[in-house]
Amino acid sequence: MECRVLSIQSHVVRGYVLGFEVDSINSVQFSNHTGYSHWKGQVLTADELHVLYEGIKLNNVHQYDYVLTGYTRDTSFLEMVVDIVQELKRANPNLVYVCDPVLGDHGSMYVPQNLYPVYKNKVVPVADIITPNQFEAELLTGKNISTEKDAVEVMDLLHAMGPDTVVITSSDLPSRLGDRFLVSLGSQRHVHPDGSRTTQRVRIEVPKVDAVFVGTGDLFAAMLLAWTHHYPNDLKVKRYQSGPGQRPSPPQLELRMVQSKADIEDPAIVTEATVIS
């Protein structure tokens with residue numbers, strides 16, 4: 001049976017290529033991504049999201065295995081997402097909600113501050129997988145990350161809020177491979193049939209690319225969803241694709257999704273994750 005995903009975010013989930021049936025709702029409809037100097041378009045409102053979801057329900061095609069959400073700028077929209085996720089989970093208790101809690105980066109927020117309490121108090125508690133960067137993880141937990149031990153404690157705090165899988169997608173921690181590498185960390189909590197719990201924690205070090213791309217967070221969350229579906233109980237065997245440390249020219253800053261189809265389906269470059277506990 002095919003796996004179905006409801007994607008509510010600013011970019012279409014890449015799951016089509018990996019065999020997922022995806023229903024996409026664009027949280028924004030822009031002329032181009034915001035990495036350009038100018039853009040035009042509309043932001044989907046909570047009422048408009050509700051109307052679209054009601055249309056899906058009327059046709060009885062709202063049986064989903066996953067929900068994936070990313071960037072939004074509106075609190076009522078985010079609260080509507082929570083209502084939809086809760087309703088879908090009542091219909092399918094095994095549904096997995098993957099949330100990229102887009103709040104900001106490098107010490108500053110790039111969404112309205114009133115989204116923060118909604119993410120912390122309503123969204124994260126219903127999420128199963130979350131993919132914050134270091135700034136977002138610190139913001140959600142109120143704890144700074146200066147060491148790997150701090151990062152583990154922050155991931156444990158995020159687990160306590162609800163999600164069983166936490167991936168800190170980027171951090172300022174020093175890499176053991178040198179300053180040309182970026183450190184990411186992941187933690188996956190398992191509940192065994194006897195009720196006992198174990199947690200697998202990993203560190204991933206990937207080569208840095210000296211450029212700022214738009215849409216990589218959406219891509220990462222979508223790929224994590226896909227590979228988690230194939231390997232639900234082992235965070236270490238997820239496939240983390242990395243690239244060479246060359247500075248791209250401006251035209252190369254567009255994500256080449258069509259040209260990268262083979263890499264999405266079967267990544268040729270795999271970064272090994274190190275189990276840290």
# chains A, B, ... in the order shown; residues from 1 in each chain; ligands from 1
call {"tool": "residues_around", "arguments": {"residues": "segment 129-141 of chain A", "least_positions_apart": "3", "cutoff": "7 Å", "atoms": "only C-alpha atoms", "output": "list in words"}}
result
Tyr97, Val98, Cys99, Asp100, Pro101, Leu103, Gly104, Asp105, His106, Gly107, Lys120, Asn144, Ile145, Val154, Leu157, Leu158, Pro163, Asp164, Thr165, Val166, Val167, Ile168, Thr169, Ser170, Ser171 and Ala221 of chain A
call {"tool": "closest_atom_pairs", "arguments": {"of": "segment 84-155 of chain A", "to": "segment 270-276 of chain A", "cutoff": "12 Å", "atoms": "only C-alpha atoms", "output": "JSON lines"}}
result
{"residue": "A:Glu148", "atom": "CA", "partner": "A:Ile276", "partner_atom": "CA", "distance": 9.3}
{"residue": "A:Lys149", "atom": "CA", "partner": "A:Ile276", "partner_atom": "CA", "distance": 10.0}
{"residue": "A:Ala151", "atom": "CA", "partner": "A:Ile276", "partner_atom": "CA", "distance": 11.4}
{"residue": "A:Val152", "atom": "CA", "partner": "A:Ile276", "partner_atom": "CA", "distance": 9.3}
call {"tool": "residues_around", "arguments": {"residues": "segment 59-71 of chain A", "least_positions_apart": "6", "cutoff": "8 Å", "atoms": "only C-alpha atoms", "output": "JSON, numbers by chain"}}
result
{"A": [3, 4, 5, 6, 7, 8, 9, 10, 27, 85, 88, 91, 92, 94, 95, 96, 97, 98, 99, 100, 101, 102, 218, 221, 222]}
call {"tool": "closest_residue", "arguments": {"among": "A:Asp194, A:Glu87, A:Asp128, A:Asp47", "to": "Leu225 of chain A", "atoms": "only C-alpha atoms"}}
result
A:Asp128
call {"tool": "select_by_dssp", "arguments": {"residues": "segment 17-119 of chain A", "states": "strand (DSSP E)", "output": "list in words"}}
result
Glu21, Val22, Asp23, Ser24, Ile25, Asn26, Val28, Gln29, Phe30, Gly41, Gln42, Val43, Tyr66, Val67, Leu68, Thr69, Val96, Tyr97, Val98, Cys99, Gly104, Asp105, Ser108 and Met109 of chain A
call {"tool": "atom_distance", "arguments": {"atom1": "atom CA of Lys143 of chain A", "atom2": "atom CA of Gln86 of chain A"}}
result
28.2 Å
call {"tool": "residues_around", "arguments": {"residues": "segment 179-184 of chain A", "least_positions_apart": "2", "cutoff": "8 Å", "atoms": "only C-alpha atoms", "output": "list in words"}}
result
Val167, Ile168, Thr169, Ser170, Ser171, Asp172, Leu173, Pro174, Ser175, Leu177, Gly186, Arg203, Ile204, Glu205, Val206, Pro207, Lys208 and Gly245 of chain A
call {"tool": "atom_distance", "arguments": {"atom1": "atom CA of Met161 of chain A", "atom2": "atom CA of Pro125 of chain A"}}
result
5.4 Å
call {"tool": "decode", "arguments": {"residues": "segment 151-189 of chain A", "atoms": "C-alpha atoms", "output": "mmCIF file, in the first residue's frame"}}
result
data_model
loop_
_atom_site.group_PDB
_atom_site.id
_atom_site.type_symbol
_atom_site.label_atom_id
_atom_site.label_comp_id
_atom_site.auth_asym_id
_atom_site.auth_seq_id
_atom_site.Cartn_x
_atom_site.Cartn_y
_atom_site.Cartn_z
ATOM 1 C CA ALA A 151 23.169 19.577 22.920
ATOM 2 C CA VAL A 152 22.274 16.160 24.345
ATOM 3 C CA GLU A 153 20.527 17.823 27.280
ATOM 4 C CA VAL A 154 18.605 20.118 24.918
ATOM 5 C CA MET A 155 17.497 17.146 22.818
ATOM 6 C CA ASP A 156 16.359 15.385 25.992
ATOM 7 C CA LEU A 157 14.341 18.474 26.947
ATOM 8 C CA LEU A 158 12.725 18.447 23.501
ATOM 9 C CA HIS A 159 11.923 14.735 23.914
ATOM 10 C CA ALA A 160 10.212 15.583 27.200
ATOM 11 C CA MET A 161 8.011 18.052 25.306
ATOM 12 C CA GLY A 162 6.697 15.291 23.022
ATOM 13 C CA PRO A 163 8.761 14.313 19.946
ATOM 14 C CA ASP A 164 10.453 10.911 19.854
ATOM 15 C CA THR A 165 12.951 12.026 17.199
ATOM 16 C CA VAL A 166 14.924 15.271 17.392
ATOM 17 C CA VAL A 167 17.505 16.391 14.850
ATOM 18 C CA ILE A 168 19.456 19.600 15.412
ATOM 19 C CA THR A 169 20.149 20.282 11.759
ATOM 20 C CA SER A 170 23.039 22.698 12.249
ATOM 21 C CA SER A 171 25.093 23.932 15.172
ATOM 22 C CA ASP A 172 28.030 26.164 16.061
ATOM 23 C CA LEU A 173 29.823 23.317 17.823
ATOM 24 C CA PRO A 174 33.397 22.696 16.655
ATOM 25 C CA SER A 175 33.881 19.697 14.404
ATOM 26 C CA ARG A 176 36.564 17.148 15.168
ATOM 27 C CA LEU A 177 37.314 17.176 11.446
ATOM 28 C CA GLY A 178 38.164 20.897 11.349
ATOM 29 C CA ASP A 179 36.435 24.218 10.750
ATOM 30 C CA ARG A 180 35.322 23.280 7.228
ATOM 31 C CA PHE A 181 32.738 20.880 8.680
ATOM 32 C CA LEU A 182 29.302 21.476 10.170
ATOM 33 C CA VAL A 183 28.077 19.512 13.184
ATOM 34 C CA SER A 184 24.515 18.218 13.355
ATOM 35 C CA LEU A 185 23.104 16.017 16.094
ATOM 36 C CA GLY A 186 20.198 13.617 16.341
ATOM 37 C CA SER A 187 18.382 11.762 19.083
ATOM 38 C CA GLN A 188 15.736 9.052 18.767
ATOM 39 C CA ARG A 189 13.752 7.705 21.701
#
